[in-house]
>>> print(open('work-v9.txt').read())   # compact mmCIF, C-alpha atoms
# COMPACT_ATOMS: atom_id res chain seq x y z
CA MET A 1 -45.22 -71.31 11.09
CA ASN A 2 -42.54 -69.37 12.97
CA LYS A 3 -41.85 -69.67 16.68
CA HIS A 4 -43.62 -66.40 17.56
CA ALA A 5 -46.81 -67.51 15.80
CA ARG A 6 -46.72 -70.92 17.49
CA PHE A 7 -46.38 -69.22 20.88
CA HIS A 8 -49.50 -67.12 20.32
CA LYS A 9 -51.40 -70.15 19.00
CA ARG A 10 -50.66 -71.94 22.28
CA LEU A 11 -51.83 -68.86 24.16
CA LEU A 12 -55.19 -68.91 22.42
CA ARG A 13 -55.92 -72.57 23.04
CA ALA A 14 -54.46 -72.82 26.54
CA GLU A 15 -56.72 -70.33 28.30
CA PRO A 16 -59.71 -72.03 29.95
CA SER A 17 -63.08 -70.44 29.27
CA PHE A 18 -64.85 -69.08 32.35
CA ARG A 19 -68.13 -67.27 32.56
CA ILE A 20 -67.98 -63.76 33.99
CA LEU A 21 -69.83 -64.78 37.16
CA ALA A 22 -67.49 -67.73 37.64
CA LYS A 23 -64.48 -65.41 37.34
CA LEU A 24 -65.99 -62.99 39.83
CA TRP A 25 -66.46 -65.89 42.24
CA ARG A 26 -62.80 -66.87 41.87
CA ILE A 27 -61.56 -63.40 42.89
CA SER A 28 -60.00 -63.38 46.34
CA TRP A 29 -62.54 -61.15 48.05
CA LEU A 30 -60.66 -61.43 51.33
CA TYR A 31 -57.72 -59.75 49.61
CA VAL A 32 -60.07 -57.08 48.22
CA LEU A 33 -61.32 -56.53 51.79
CA LEU A 34 -57.73 -55.98 52.97
CA ILE A 35 -57.24 -53.42 50.18
CA GLY A 36 -60.45 -51.64 51.17
CA THR A 37 -59.47 -51.63 54.84
CA LEU A 38 -56.12 -49.98 54.12
CA ALA A 39 -57.84 -47.45 51.85
CA GLY A 40 -60.27 -46.76 54.71
CA VAL A 41 -57.32 -45.98 56.97
CA GLY A 42 -56.14 -43.58 54.31
CA TYR A 43 -59.56 -41.89 54.19
CA ILE A 44 -59.81 -41.22 57.93
CA THR A 45 -56.20 -39.99 58.00
CA LEU A 46 -56.76 -37.63 55.08
CA TYR A 47 -59.95 -36.44 56.81
CA SER A 48 -57.78 -35.49 59.76
CA ALA A 49 -55.13 -33.93 57.49
CA GLY A 50 -57.89 -31.73 56.03
CA GLY A 51 -58.68 -30.31 59.47
CA GLY A 52 -61.62 -32.65 60.15
CA MET A 53 -63.23 -31.98 56.75
CA PRO A 54 -63.83 -34.31 53.77
CA TYR A 55 -62.27 -31.73 51.48
CA PRO A 56 -59.74 -31.10 50.08
CA PHE A 57 -58.18 -34.54 50.59
CA ALA A 58 -60.46 -37.30 51.90
CA MET A 59 -63.45 -37.17 49.54
CA PRO A 60 -61.44 -36.83 46.28
CA GLN A 61 -59.32 -39.78 47.44
CA ALA A 62 -62.46 -41.84 48.14
CA ILE A 63 -63.74 -41.13 44.62
CA ARG A 64 -60.40 -42.18 43.17
CA PHE A 65 -60.48 -45.39 45.18
CA ALA A 66 -63.98 -46.17 43.89
CA LEU A 67 -62.79 -45.67 40.31
CA GLY A 68 -59.69 -47.72 41.05
CA LEU A 69 -61.80 -50.51 42.54
CA ALA A 70 -63.86 -50.75 39.35
CA LEU A 71 -60.64 -50.75 37.30
CA MET A 72 -59.15 -53.47 39.51
CA ILE A 73 -62.15 -55.79 39.09
CA CYS A 74 -62.21 -55.29 35.31
CA VAL A 75 -58.49 -56.05 35.00
CA ALA A 76 -58.84 -59.09 37.28
CA LEU A 77 -61.21 -60.64 34.72
CA LEU A 78 -58.74 -60.30 31.83
CA PRO A 79 -57.18 -63.64 30.80
CA PRO A 80 -53.37 -63.93 30.78
CA ARG A 81 -53.24 -64.30 26.99
CA ILE A 82 -54.63 -60.76 26.65
CA LEU A 83 -52.11 -59.43 29.15
CA VAL A 84 -49.20 -61.11 27.35
CA MET A 85 -50.23 -59.64 24.01
CA ALA A 86 -50.72 -56.20 25.55
CA ALA A 87 -47.36 -56.19 27.38
CA ALA A 88 -45.22 -54.80 24.55
CA PRO A 89 -47.64 -52.00 23.48
CA VAL A 90 -48.21 -50.99 27.11
CA TYR A 91 -44.46 -50.85 27.78
CA ALA A 92 -43.88 -48.80 24.62
CA LEU A 93 -46.64 -46.39 25.67
CA SER A 94 -45.02 -45.96 29.08
CA LEU A 95 -41.71 -44.97 27.45
CA VAL A 96 -43.49 -42.47 25.19
CA LEU A 97 -45.16 -40.89 28.22
CA LEU A 98 -41.87 -40.76 30.16
CA ALA A 99 -40.18 -39.08 27.20
CA ALA A 100 -43.08 -36.64 26.89
CA VAL A 101 -42.60 -35.59 30.53
CA LEU A 102 -39.09 -34.38 29.74
CA HIS A 103 -40.38 -32.13 26.93
CA MET A 104 -43.78 -30.92 28.11
CA GLY A 105 -44.10 -32.07 31.70
CA HIS A 106 -45.62 -30.03 34.51
CA VAL A 107 -43.02 -28.76 36.99
CA GLY A 108 -43.68 -29.13 40.70
CA LYS A 109 -41.32 -28.92 43.71
CA GLY A 110 -38.27 -28.65 41.48
CA ALA A 111 -39.04 -31.73 39.39
CA GLU A 112 -40.78 -32.37 36.09
CA ARG A 113 -42.89 -35.46 36.76
CA TRP A 114 -46.45 -34.83 35.59
CA LEU A 115 -48.37 -34.56 32.33
CA MET A 116 -51.64 -32.69 31.98
CA ILE A 117 -54.06 -35.04 30.19
CA GLY A 118 -57.71 -34.01 29.96
CA GLY A 119 -57.29 -31.45 32.71
CA MET A 120 -55.87 -34.06 35.11
CA GLN A 121 -52.31 -34.47 36.31
CA VAL A 122 -50.85 -37.86 35.39
CA GLN A 123 -47.51 -39.20 36.63
CA PRO A 124 -46.16 -41.56 33.93
CA SER A 125 -43.42 -42.93 36.19
CA GLU A 126 -46.11 -44.70 38.26
CA PHE A 127 -47.55 -46.33 35.15
CA ALA A 128 -44.04 -47.30 34.00
CA LYS A 129 -43.58 -49.63 36.98
CA ILE A 130 -46.67 -51.66 36.05
CA ALA A 131 -45.71 -51.67 32.37
CA LEU A 132 -42.22 -52.94 33.22
CA VAL A 133 -43.62 -55.85 35.24
CA LEU A 134 -45.81 -56.91 32.30
CA ALA A 135 -42.99 -56.56 29.77
CA LEU A 136 -40.44 -58.53 31.81
CA ALA A 137 -42.97 -61.26 32.70
CA ALA A 138 -43.92 -61.62 29.03
CA TRP A 139 -40.26 -61.84 27.99
CA PHE A 140 -39.21 -64.38 30.61
CA SER A 141 -42.31 -66.52 30.00
CA ARG A 142 -41.13 -67.00 26.41
CA ILE A 143 -37.63 -68.30 27.23
CA SER A 144 -36.67 -71.50 28.99
CA TYR A 145 -34.72 -71.72 32.25
CA ALA A 146 -31.74 -73.09 30.31
CA ARG A 147 -31.51 -69.88 28.28
CA MET A 148 -31.32 -67.86 31.48
CA ALA A 149 -27.69 -69.02 31.74
CA ASN A 150 -26.86 -67.27 28.46
CA PRO A 151 -26.08 -63.56 29.11
CA LEU A 152 -27.19 -62.64 25.58
CA TRP A 153 -30.79 -63.53 26.43
CA LEU A 154 -30.63 -61.13 29.38
CA VAL A 155 -29.55 -58.07 27.39
CA PRO A 156 -33.06 -57.14 26.11
CA PRO A 157 -34.74 -57.33 29.55
CA ALA A 158 -31.79 -55.44 31.08
CA LEU A 159 -32.41 -52.63 28.59
CA MET A 160 -36.13 -52.77 29.44
CA VAL A 161 -35.16 -51.86 33.01
CA LEU A 162 -32.39 -49.36 32.31
CA VAL A 163 -34.31 -47.20 29.81
CA PRO A 164 -37.21 -46.24 32.15
CA VAL A 165 -34.77 -45.86 35.06
CA ALA A 166 -32.73 -43.37 33.02
CA LEU A 167 -35.83 -41.44 31.92
CA VAL A 168 -37.18 -41.23 35.47
CA LEU A 169 -33.79 -40.06 36.79
CA LYS A 170 -33.89 -37.24 34.23
CA GLU A 171 -37.15 -35.86 35.69
CA PRO A 172 -35.56 -36.13 38.35
CA ASN A 173 -37.29 -38.71 40.58
CA LEU A 174 -34.69 -40.71 42.45
CA GLY A 175 -37.12 -42.59 44.71
CA THR A 176 -39.23 -43.97 41.86
CA ALA A 177 -36.11 -44.82 39.83
CA VAL A 178 -34.85 -46.92 42.75
CA ILE A 179 -38.19 -48.73 42.94
CA ILE A 180 -38.19 -49.46 39.20
CA GLY A 181 -34.65 -50.84 39.44
CA GLY A 182 -35.57 -52.93 42.49
CA VAL A 183 -38.64 -54.40 40.80
CA GLY A 184 -36.61 -55.24 37.70
CA ALA A 185 -33.87 -56.94 39.75
CA SER A 186 -36.49 -58.95 41.65
CA LEU A 187 -38.01 -60.28 38.44
CA PHE A 188 -34.58 -61.25 37.09
CA PHE A 189 -34.00 -63.28 40.23
CA ALA A 190 -37.49 -64.80 40.21
CA ALA A 191 -37.14 -65.77 36.55
CA GLY A 192 -34.13 -67.96 37.37
CA MET A 193 -31.11 -65.75 36.73
CA ARG A 194 -27.92 -67.56 37.76
CA LEU A 195 -26.23 -66.38 40.93
CA TRP A 196 -22.87 -65.93 39.21
CA LEU A 197 -24.51 -63.54 36.74
CA ILE A 198 -26.05 -61.59 39.62
CA GLY A 199 -22.60 -61.31 41.21
CA LEU A 200 -21.12 -60.21 37.89
CA LEU A 201 -23.72 -57.49 37.48
CA ALA A 202 -23.22 -56.34 41.07
CA LEU A 203 -19.51 -55.61 40.57
CA PRO A 204 -19.92 -52.19 38.88
CA VAL A 205 -22.65 -51.05 41.30
CA PRO A 206 -20.29 -49.01 43.59
CA TYR A 207 -18.87 -47.20 40.57
CA ALA A 208 -22.36 -46.60 39.18
CA LEU A 209 -23.44 -45.10 42.52
CA LYS A 210 -20.43 -42.79 42.51
CA LEU A 211 -21.25 -41.70 38.95
CA ALA A 212 -24.91 -41.22 39.82
CA TYR A 213 -24.00 -39.05 42.82
CA SER A 214 -21.90 -36.79 40.62
CA HIS A 215 -24.95 -36.18 38.42
CA LEU A 216 -27.42 -35.51 41.23
CA HIS A 217 -29.17 -32.16 41.46
CA ASP A 218 -28.20 -29.81 44.26
CA TYR A 219 -31.43 -30.45 46.20
CA GLN A 220 -30.86 -34.24 45.97
CA ARG A 221 -27.35 -33.90 47.35
CA ALA A 222 -28.76 -31.69 50.12
CA ARG A 223 -31.18 -34.51 51.01
CA ILE A 224 -28.30 -36.95 51.41
CA THR A 225 -26.28 -34.49 53.48
CA THR A 226 -29.32 -33.74 55.62
CA PHE A 227 -29.96 -37.44 56.07
CA MET A 228 -26.53 -37.79 57.67
CA ASN A 229 -27.04 -34.76 59.92
CA PRO A 230 -30.57 -33.26 59.91
CA GLU A 231 -29.73 -30.81 62.71
CA SER A 232 -27.21 -29.05 60.48
CA ASP A 233 -30.08 -27.15 58.83
CA PRO A 234 -33.13 -27.50 61.13
CA LEU A 235 -35.17 -24.76 59.44
CA GLY A 236 -34.17 -25.64 55.88
CA ALA A 237 -33.29 -28.97 54.34
CA GLY A 238 -33.51 -30.79 57.67
CA TYR A 239 -36.92 -29.43 58.64
CA ASN A 240 -39.04 -32.22 57.12
CA ILE A 241 -37.28 -35.15 58.74
CA ILE A 242 -36.94 -33.43 62.12
CA GLN A 243 -40.69 -32.68 62.26
CA SER A 244 -41.43 -36.23 61.10
CA LYS A 245 -39.37 -37.72 63.94
CA ILE A 246 -41.04 -35.41 66.47
CA ALA A 247 -44.48 -36.52 65.27
CA LEU A 248 -43.52 -40.20 65.36
CA GLY A 249 -42.18 -39.95 68.89
CA SER A 250 -44.97 -37.77 70.30
CA GLY A 251 -47.61 -40.43 69.62
CA GLY A 252 -46.32 -42.76 72.30
CA MET A 253 -48.10 -46.10 72.67
CA TRP A 254 -51.71 -45.02 72.10
CA GLY A 255 -51.37 -41.67 70.36
CA GLN A 256 -52.61 -38.16 71.06
CA GLY A 257 -56.10 -38.94 69.77
CA TYR A 258 -57.86 -38.66 66.45
CA LEU A 259 -57.84 -35.06 65.12
CA HIS A 260 -55.60 -34.04 68.03
CA GLY A 261 -52.07 -34.55 66.72
CA SER A 262 -50.06 -31.43 67.54
CA GLN A 263 -47.58 -31.55 64.67
CA GLY A 264 -50.19 -32.45 62.07
CA GLN A 265 -53.08 -30.22 63.17
CA LEU A 266 -50.83 -27.20 63.74
CA ASN A 267 -49.26 -27.67 60.29
CA PHE A 268 -45.73 -28.22 61.53
CA LEU A 269 -45.64 -31.54 59.67
CA PRO A 270 -44.74 -31.05 55.98
CA GLU A 271 -46.56 -32.92 53.21
CA LYS A 272 -48.77 -34.56 55.83
CA GLN A 273 -51.29 -35.69 53.20
CA THR A 274 -48.73 -37.35 50.89
CA ASP A 275 -45.17 -38.41 51.71
CA PHE A 276 -45.42 -38.06 55.53
CA ILE A 277 -48.93 -39.39 56.10
CA PHE A 278 -47.62 -42.32 58.16
CA THR A 279 -46.32 -39.87 60.75
CA MET A 280 -49.86 -38.53 61.20
CA ILE A 281 -51.07 -42.07 61.86
CA ALA A 282 -48.33 -42.66 64.43
CA GLU A 283 -48.93 -39.29 66.10
CA GLU A 284 -52.71 -39.66 66.45
CA TRP A 285 -52.96 -43.43 66.99
CA GLY A 286 -49.57 -44.14 68.53
CA PHE A 287 -47.44 -47.23 68.17
CA ALA A 288 -50.55 -49.44 68.34
CA GLY A 289 -52.17 -47.75 65.35
CA ALA A 290 -48.93 -47.70 63.39
CA ALA A 291 -48.47 -51.42 64.07
CA VAL A 292 -51.97 -52.14 62.70
CA VAL A 293 -51.14 -50.28 59.49
CA LEU A 294 -47.83 -52.11 59.17
CA GLY A 295 -49.70 -55.38 59.69
CA LEU A 296 -52.15 -54.55 56.88
CA LEU A 297 -49.27 -53.71 54.54
CA LEU A 298 -47.51 -56.96 55.43
CA LEU A 299 -50.67 -59.01 54.82
CA LEU A 300 -51.10 -57.43 51.39
CA ILE A 301 -47.49 -58.19 50.46
CA LEU A 302 -47.54 -61.79 51.73
CA GLY A 303 -51.00 -62.39 50.27
CA GLY A 304 -49.84 -61.14 46.87
CA MET A 305 -46.77 -63.38 46.92
CA THR A 306 -48.89 -66.36 47.95
CA MET A 307 -51.28 -65.81 45.04
CA ALA A 308 -48.33 -65.46 42.68
CA ILE A 309 -46.73 -68.72 43.83
CA CYS A 310 -50.04 -70.56 43.38
CA SER A 311 -50.15 -69.67 39.68
CA ARG A 312 -49.42 -72.68 37.46
CA ASN A 313 -47.98 -70.63 34.61
CA ARG A 314 -44.71 -68.74 34.59
CA PHE A 315 -46.17 -65.48 33.31
CA GLY A 316 -48.71 -65.36 36.14
CA ARG A 317 -46.09 -66.10 38.78
CA LEU A 318 -43.79 -63.37 37.51
CA VAL A 319 -46.57 -60.77 37.22
CA GLY A 320 -47.80 -61.57 40.72
CA LEU A 321 -44.34 -61.42 42.23
CA GLY A 322 -43.51 -58.25 40.32
CA ILE A 323 -46.64 -56.46 41.54
CA SER A 324 -46.05 -57.66 45.10
CA MET A 325 -42.43 -56.49 45.04
CA ASN A 326 -43.49 -53.13 43.59
CA PHE A 327 -45.88 -52.69 46.53
CA PHE A 328 -43.16 -53.84 48.94
CA PHE A 329 -40.60 -51.34 47.63
CA TYR A 330 -43.24 -48.60 47.70
CA CYS A 331 -43.84 -49.24 51.40
CA LEU A 332 -40.16 -49.79 52.22
CA VAL A 333 -39.00 -46.51 50.68
CA ASN A 334 -41.81 -44.41 52.17
CA LEU A 335 -41.59 -45.85 55.69
CA SER A 336 -37.79 -45.74 55.74
CA MET A 337 -37.93 -42.15 54.54
CA VAL A 338 -40.32 -40.86 57.21
CA MET A 339 -38.36 -42.67 59.94
CA GLY A 340 -35.10 -41.10 58.82
CA ALA A 341 -33.51 -44.40 57.71
CA ILE A 342 -32.95 -43.16 54.15
CA PRO A 343 -32.91 -39.71 52.52
CA VAL A 344 -36.28 -38.14 51.71
CA GLY A 345 -37.29 -39.31 48.24
CA GLY A 346 -40.84 -38.14 47.58
CA VAL A 347 -42.49 -41.60 47.49
CA PRO A 348 -46.08 -41.84 48.84
CA LEU A 349 -47.51 -44.64 50.99
CA PRO A 350 -49.74 -46.71 48.65
CA LEU A 351 -53.52 -46.61 49.24
CA VAL A 352 -53.02 -44.18 52.14
CA SER A 353 -51.29 -41.08 50.75
CA TYR A 354 -53.22 -38.51 48.74
CA GLY A 355 -52.65 -38.76 44.99
CA GLY A 356 -54.53 -39.76 41.85
CA SER A 357 -51.83 -41.37 39.71
CA ALA A 358 -50.43 -43.43 42.57
CA MET A 359 -53.89 -44.66 43.63
CA LEU A 360 -55.04 -45.69 40.15
CA ASN A 361 -51.77 -47.39 39.28
CA VAL A 362 -51.66 -49.30 42.56
CA MET A 363 -55.21 -50.50 41.91
CA LEU A 364 -54.25 -51.44 38.36
CA GLY A 365 -51.41 -53.49 39.77
CA PHE A 366 -53.72 -55.23 42.22
CA GLY A 367 -56.02 -56.01 39.30
CA LEU A 368 -53.17 -57.76 37.51
CA LEU A 369 -52.33 -59.64 40.70
CA LEU A 370 -55.93 -60.81 41.11
CA SER A 371 -55.98 -61.85 37.45
CA THR A 372 -53.10 -64.24 38.11
CA TRP A 373 -55.17 -65.73 40.95
CA VAL A 374 -58.41 -65.98 38.94
CA HIS A 375 -56.55 -67.67 36.07
CA ARG A 376 -54.04 -69.55 38.21
CA ASN A 377 -54.81 -72.90 36.53
CA SER A 378 -54.11 -71.66 33.01
CA HIS A 379 -51.22 -73.21 31.06
CA PHE A 380 -49.54 -71.39 28.20
CA GLY A 381 -46.18 -70.30 26.82
CA GLU A 382 -42.93 -72.23 26.62
CA ASN A 383 -43.80 -74.41 29.59
CA LEU A 384 -47.17 -75.59 28.26
CA THR A 385 -47.14 -79.36 28.45
CA ARG A 386 -50.78 -80.32 28.55
CA PRO A 387 -54.13 -78.67 27.87
CA GLU A 388 -56.21 -77.26 30.67
CA ALA A 389 -58.73 -79.74 32.00
>>> encode(input="work-v9.txt", output="structure tokens")
Amino acid sequence: MNKHARFHKRLLRAEPSFRILAKLWRISWLYVLLIGTLAGVGYITLYSAGGGMPYPFAMPQAIRFALGLALMICVALLPPRILVMAAAPVYALSLVLLAAVLHMGHVGKGAERWLMIGGMQVQPSEFAKIALVLALAAWFSRISYARMANPLWLVPPALMVLVPVALVLKEPNLGTAVIIGGVGASLFFAAGMRLWLIGLLALPVPYALKLAYSHLHDYQRARITTFMNPESDPLGAGYNIIQSKIALGSGGMWGQGYLHGSQGQLNFLPEKQTDFIFTMIAEEWGFAGAAVVLGLLLLLILGGMTMAICSRNRFGRLVGLGISMNFFFYCLVNLSMVMGAIPVGGVPLPLVSYGGSAMLNVMLGFGLLLSTWVHRNSHFGENLTRPEA
């Protein structure tokens, strides 16, 4: 029996058998409540963005959240052995979808990022982030910590990260490519990559950034130039960030009142239902409301990391940390963007911004995170030393 077959045999016998009701009981319903609360904030904000009407934003988003909630619960019940076996096919499917975008993708706002599947727009780059977490976690769970010191064992997972990053950059989608790279780097570190290897890989980063800049599209270079000096083109490339800063500042401590934000209600604020939705929250609810939203985001991130650390198997820990870091980078890029700390990158605020692909993929990720919590006492893989009691 070869090593691969022995690994899967250990997977099959290591997973404890739970009844469905027992698994449902083990789900962290407090965490689910936090997710629902943040989604509720998104609903009332999208209601305001729609001019005080449930359509065209709030009600479709609520339906998507309901579907995502069902998907999250179903995924949370899946045992880790199923997730490990599905990791490679899911990752391969994500690459096929990313490649398909470049040949038959739907063009919007100067970028080719969507596929039309069954009459619905799907953004494969969102799915690719989840697929990458599964693939890297499955790979690292198969190799020992000692092998992490051998650079040859790190070549395959490095390619797993670089291939989707390159495909997403071709769309082009710089913001999502940065998130994919950040999630991949986080999992390398969490898996036990030696610090000297991290330093070695960091050496060519400045040169890679210079090369990447030379291949940026004109509108992406304009975003960087505008980031340095938004007032240089206040009615063109700098318009979005200037209006965002005005909306953030006009909210004051307690805000202008629900449905009464001047920049949002008078349509001065661009993309108020997607990329810049946090500015609507700050304008209408002020610093106090924005702080509550930031607190909810922080609780979800810390709660996810806590659940990941509590997992007794390496695969579960890596999946949980990967999903938590994906959510963290999502929030970091969006909030930094709307505050003018980084160039505008077209990344929505998870669970709050309007969007089908982002919502369903975030809920899929939370399902994987909850699965690591439900099955946190499972033992399998290279580090299996004793059967589950």
>>> atom_distance(input="work-v9.txt", atom1="atom CA of Met59 of chain A", atom2="atom CA of Pro350 of chain A")
16.7 Å
>>> residues_around(input="work-v9.txt", residues="Gly355 of chain A", least_positions_apart="2", cutoff="8 Å", atoms="only C-alpha atoms", output="ChimeraX atom specification")
/A:61,274,353,357-359
>>> closest_residue(input="work-v9.txt", among="A:Val122, A:Gly52, A:Tyr207, A:Phe57", to="Gly356 of chain A", atoms="all atoms listed in the file")
A:Val122
>>> atom_distance(input="work-v9.txt", atom1="atom CA of Glu283 of chain A", atom2="atom CA of Leu298 of chain A")
20.7 Å
>>> residues_around(input="work-v9.txt", residues="Thr37 of chain A", least_positions_apart="4", cutoff="12 Å", atoms="only C-alpha atoms", output="ChimeraX atom specification")
/A:30-33,41-44,65,292-293,295-297,299-300,351-352
>>> closest_residue(input="work-v9.txt", among="A:Val338, A:Cys74, A:Leu294, A:Leu332", to="Leu248 of chain A", atoms="only C-alpha atoms")
A:Val338
>>> residues_near_point(input="work-v9.txt", point="(-47.6, -63.4, 40.6)", cutoff="10 Å", atoms="all atoms listed in the file", output="ChimeraX atom specification")
/A:137,304-325,368-373,376
>>> closest_atom_pairs(input="work-v9.txt", of="segment 73-174 of chain A", to="segment 181-204 of chain A", cutoff="10 Å", atoms="only C-alpha atoms", output="tab-separated table")
residue	atom	partner	partner_atom	distance
A:Lys129	CA	A:Val183	CA	7.9
A:Ile130	CA	A:Val183	CA	9.7
A:Leu132	CA	A:Gly184	CA	7.5
A:Val133	CA	A:Gly184	CA	7.5
A:Leu136	CA	A:Leu187	CA	7.3
A:Ala137	CA	A:Leu187	CA	7.6
A:Trp139	CA	A:Ala191	CA	9.9
A:Phe140	CA	A:Ala191	CA	6.4
A:Ser141	CA	A:Ala191	CA	8.4
A:Ile143	CA	A:Ala191	CA	9.7
A:Ser144	CA	A:Gly192	CA	9.4
A:Tyr145	CA	A:Gly192	CA	6.4
A:Ala146	CA	A:Gly192	CA	9.0
A:Arg147	CA	A:Met193	CA	9.4
A:Met148	CA	A:Met193	CA	5.7
A:Ala149	CA	A:Arg194	CA	6.2
A:Asn150	CA	A:Arg194	CA	9.4
A:Pro151	CA	A:Leu197	CA	7.8
A:Leu154	CA	A:Phe188	CA	8.7
A:Pro157	CA	A:Phe188	CA	8.5
A:Ala158	CA	A:Gly184	CA	8.2
A:Met160	CA	A:Gly184	CA	8.6
A:Val161	CA	A:Gly184	CA	6.0
A:Leu162	CA	A:Gly181	CA	7.6
A:Pro164	CA	A:Gly181	CA	9.0
A:Val165	CA	A:Gly181	CA	6.6
>>> atom_distance(input="work-v9.txt", atom1="atom CA of Ala128 of chain A", atom2="atom CA of Ile82 of chain A")
18.6 Å
>>> closest_residue(input="work-v9.txt", among="A:Pro79, A:Leu24, A:Gly303, A:Glu171", to="Leu115 of chain A", atoms="all atoms listed in the file")
A:Glu171
>>> residues_around(input="work-v9.txt", residues="Phe287 of chain A", least_positions_apart="2", cutoff="7 Å", atoms="all atoms listed in the file", output="PyMOL selection string")
chain A and resi 251-254+282+285+289-291
>>> closest_residue(input="work-v9.txt", among="A:Met280, A:Ala49, A:Leu102, A:Leu266", to="Gly249 of chain A", atoms="all atoms listed in the file")
A:Met280
>>> closest_residue(input="work-v9.txt", among="A:Arg113, A:Leu159, A:Lys245, A:Ile277", to="Leu174 of chain A", atoms="only C-alpha atoms")
A:Arg113
>>> closest_residue(input="work-v9.txt", among="A:Leu211, A:Leu69, A:Leu259, A:Ala88", to="Met53 of chain A", atoms="only C-alpha atoms")
A:Leu259
>>> residues_around(input="work-v9.txt", residues="Met72 of chain A", least_positions_apart="6", cutoff="7 Å", atoms="all atoms listed in the file", output="PyMOL selection string")
chain A and resi 363-364+366-367
>>> decode(input="work-v9.txt", residues="segment 352-364 of chain A", atoms="N, CA, C and O atoms", output="PDB file, in the first residue's frame")
ATOM      1  N   VAL A 352     -21.682  43.029   3.966  1.00  0.00           N
ATOM      2  CA  VAL A 352     -22.335  44.346   4.000  1.00  0.00           C
ATOM      3  C   VAL A 352     -22.571  44.865   2.591  1.00  0.00           C
ATOM      4  O   VAL A 352     -23.677  45.307   2.262  1.00  0.00           O
ATOM      5  N   SER A 353     -21.557  44.806   1.738  1.00  0.00           N
ATOM      6  CA  SER A 353     -21.683  45.308   0.373  1.00  0.00           C
ATOM      7  C   SER A 353     -22.626  44.441  -0.460  1.00  0.00           C
ATOM      8  O   SER A 353     -22.764  43.240  -0.237  1.00  0.00           O
ATOM      9  N   TYR A 354     -23.241  45.068  -1.441  1.00  0.00           N
ATOM     10  CA  TYR A 354     -24.141  44.372  -2.363  1.00  0.00           C
ATOM     11  C   TYR A 354     -23.328  43.519  -3.329  1.00  0.00           C
ATOM     12  O   TYR A 354     -22.351  43.973  -3.902  1.00  0.00           O
ATOM     13  N   GLY A 355     -23.732  42.271  -3.510  1.00  0.00           N
ATOM     14  CA  GLY A 355     -23.039  41.391  -4.451  1.00  0.00           C
ATOM     15  C   GLY A 355     -23.317  39.929  -4.166  1.00  0.00           C
ATOM     16  O   GLY A 355     -23.243  39.492  -3.011  1.00  0.00           O
ATOM     17  N   GLY A 356     -23.651  39.179  -5.202  1.00  0.00           N
ATOM     18  CA  GLY A 356     -24.004  37.771  -5.036  1.00  0.00           C
ATOM     19  C   GLY A 356     -22.821  36.865  -4.828  1.00  0.00           C
ATOM     20  O   GLY A 356     -22.787  36.065  -3.889  1.00  0.00           O
ATOM     21  N   SER A 357     -21.812  36.958  -5.705  1.00  0.00           N
ATOM     22  CA  SER A 357     -20.654  36.070  -5.612  1.00  0.00           C
ATOM     23  C   SER A 357     -19.914  36.256  -4.300  1.00  0.00           C
ATOM     24  O   SER A 357     -19.529  35.286  -3.640  1.00  0.00           O
ATOM     25  N   ALA A 358     -19.707  37.515  -3.914  1.00  0.00           N
ATOM     26  CA  ALA A 358     -18.985  37.787  -2.677  1.00  0.00           C
ATOM     27  C   ALA A 358     -19.740  37.237  -1.474  1.00  0.00           C
ATOM     28  O   ALA A 358     -19.156  36.608  -0.585  1.00  0.00           O
ATOM     29  N   MET A 359     -21.062  37.431  -1.417  1.00  0.00           N
ATOM     30  CA  MET A 359     -21.865  36.957  -0.303  1.00  0.00           C
ATOM     31  C   MET A 359     -21.810  35.440  -0.178  1.00  0.00           C
ATOM     32  O   MET A 359     -21.530  34.881   0.896  1.00  0.00           O
ATOM     33  N   LEU A 360     -22.061  34.728  -1.285  1.00  0.00           N
ATOM     34  CA  LEU A 360     -22.109  33.273  -1.231  1.00  0.00           C
ATOM     35  C   LEU A 360     -20.751  32.676  -0.912  1.00  0.00           C
ATOM     36  O   LEU A 360     -20.657  31.692  -0.166  1.00  0.00           O
ATOM     37  N   ASN A 361     -19.689  33.271  -1.419  1.00  0.00           N
ATOM     38  CA  ASN A 361     -18.360  32.729  -1.143  1.00  0.00           C
ATOM     39  C   ASN A 361     -17.905  33.028   0.283  1.00  0.00           C
ATOM     40  O   ASN A 361     -17.220  32.211   0.900  1.00  0.00           O
ATOM     41  N   VAL A 362     -18.289  34.181   0.818  1.00  0.00           N
ATOM     42  CA  VAL A 362     -17.990  34.460   2.222  1.00  0.00           C
ATOM     43  C   VAL A 362     -18.722  33.478   3.122  1.00  0.00           C
ATOM     44  O   VAL A 362     -18.160  32.949   4.091  1.00  0.00           O
ATOM     45  N   MET A 363     -19.987  33.191   2.810  1.00  0.00           N
ATOM     46  CA  MET A 363     -20.752  32.234   3.605  1.00  0.00           C
ATOM     47  C   MET A 363     -20.204  30.823   3.449  1.00  0.00           C
ATOM     48  O   MET A 363     -20.196  30.033   4.409  1.00  0.00           O
ATOM     49  N   LEU A 364     -19.723  30.477   2.267  1.00  0.00           N
ATOM     50  CA  LEU A 364     -19.063  29.188   2.079  1.00  0.00           C
ATOM     51  C   LEU A 364     -17.825  29.094   2.952  1.00  0.00           C
ATOM     52  O   LEU A 364     -17.569  28.059   3.588  1.00  0.00           O
TER      53      LEU A 364
END
